[in-house]
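Below is one structure; the comments refer to it alone.
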Amino acid sequence: MSSDFESYEQDFAVLTADITGRIGKVPKLVGDEKKQMVANVEKQLEEARELLEQMELEVREIPPQSRGMYSSRMRSYKQEMGKLEADFKRSRIAYSDEVRNELLGDDGNSSENQRAHLLDNTERLERSSRRLEAGYQIAVETEQIGQEMLENLSHDREKIQRARERLRETDANLGKSSRILTGMLRRIIQNRILIVVLAVVIIFTTIMAIFFSVKGR
């Protein structure tokens, strides 16, 4: 399971390195070249998101006692992904000095204001994105805790069922023992009654024998 995760990690590292290089080129391009580069980066970002989803699924399959290290690495990769997306947004509205001068000429100051406004909006979107990501992370961790609790409850349920089975076996054994003791006690009482009857008969026979012996004399 961990080997699959590490394979995804390697693919993610190679892909993000390529994305970083292309993002750096976006502000220097114009026209169709820029559109093509932007489309390529968007496609690669989507591939990176899919890799993160696959890695997330792999982490969920890892036993809880070994999951902590991988969860920490996932948080790091998600932060890296968020940074790439933020850099990409900024690169799409940024121009190099040479291109800006060619396109704007004397309207550079006005464009700077617009650019500052766009950057401010971008920062707001990034903050919202980070809050959403934090909420998602909390939801994932809550789900993991819930799974661990369900596993613990399942183990406890099995222990309780085994204890109930042992109690039933003990009750059955006690019932058998009780019946055996009752039978033994009944036989003891019967034997004592028989002994008393025999004693009475013997005593009566002895008395009668003495009586007839004395009478005969």
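Lettering and numbering for the structure tokens are positional, with chains as A, B, ... in the shown order, residues counted from 1 in each chain, and ligands counted from 1 in the shown order.
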
Please provide as a list in words all residues within 9 Å of Gly24 in chain A, with the sequence filter that same-chain residues fewer than 6 positions apart are discarded (counting only C-alpha atoms).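 Selected residues are Asp87, Phe88 and Ser91 of chain A.
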
From the options A:Glu85, A:Glu47, A:Asp156, A:Asp32, which residue's atoms come nearest to Val14 in chain A, counting only C-alpha atoms?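 So, comparing all the options, the nearest one is A:Glu47.
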
From the options A:Arg92, A:Leu29, A:Leu15, A:Ser3, which residue's atoms come nearest to Val59 in chain A, counting only C-alpha atoms?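 Nearest to Val59 in chain A: A:Ser3.
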